[in-house]
Amino acid sequence: MRSLLLEHDLLWQAFSTTLMLAAVSGAIALVVGTVVAGLRVSPYLPLRTVATLYTEFLRNTPLTIVFFFYVFVTPSMGFTLEYKAAAIVALSSYTSAFVAEAVRSGINSVGVGQAEAARSLGMSFGQNLAIVVLPQAFRTAIPPLINVFIALVKNTSVAGAFSVLELFAMSRRLTNVHSGDVLGILAGVALCYLIICIPLGRLAAGIERKVAFAR
């Protein structure tokens, strides 16, 4: 069993695919989620409404349905995506809603006086948000954001049901071929997820301690 996992190139291919999905989707979700969080605290009601609808819809929609939409529905609308691209779009849009909530909670933790002082200096809403509020908000939001990214790593397993060879799909393929080694294969896959998630969890704990000490 050990030689099977060490020599099988499927393991590395699936592990690298999982890393790629998590890294690319996480980066996109961070950008989109931060923009959506900014819109949710905007002084303009239409922007707040659109951002709120976006966030609440995605947060309360199962990830499988989001995948199904991008893989099977968008082609009928004239937008055909390769399976990995569809997986990245699905994971990014779904995760961005949770990123937006984490960033918004960080924004709400910034003292009102900070924003009022920036406005008194003649800063626009965008300048106030980018220069004054967000740098402070991210200090508070980083620990929950890392938890969101840990969840994203595990959510990449859904892509395996949509023709993307990541860790979950690889484990399913190997267990079909080597039915006598199911426990060993699953243990190897679980170890791969732990290799990604445990350092992220340690990072979140360390940052949380630093933020608490700074306060």
# chains A, B, ... in the order shown; residues from 1 in each chain; ligands from 1
$ residues_around --residues "region 20-33 of chain A" --least-positions-apart "5" --cutoff "9 Å" --atoms "only C-alpha atoms" --output "NGL selection string"
:A and (15 or 38 or 55 or 84 or 87-103 or 145 or 149-150 or 152-156 or 166)
$ closest_residue --among "A:Leu167, A:Val148, A:Ala159, A:Ala14" --to "Gly201 (chain A)" --atoms "only C-alpha atoms"
A:Val148
$ select_by_dssp --residues "region 57-201 of chain A" --states "alpha helix (DSSP H)" --output "MDAnalysis selection string"
chainID A and resid 57:59 63:68 83:109 112:120 125:127 134:155 167:177 182:201
$ closest_residue --among "A:Val50, A:Leu200, A:Leu11, A:Ala37" --to "Ile146 (chain A)" --atoms "only C-alpha atoms"
A:Leu200
$ closest_residue --among "A:Val36, A:Leu63, A:Ile142, A:Leu134" --to "Arg209 (chain A)" --atoms "only C-alpha atoms"
A:Ile142
$ atom_distance --atom1 "CA of Ser42 (chain A)" --atom2 "CA of Asn108 (chain A)"
12.3 Å
$ closest_residue --among "A:Val41, A:Ala151, A:Ile131, A:Val164" --to "Tyr193 (chain A)" --atoms "only C-alpha atoms"
A:Ala151
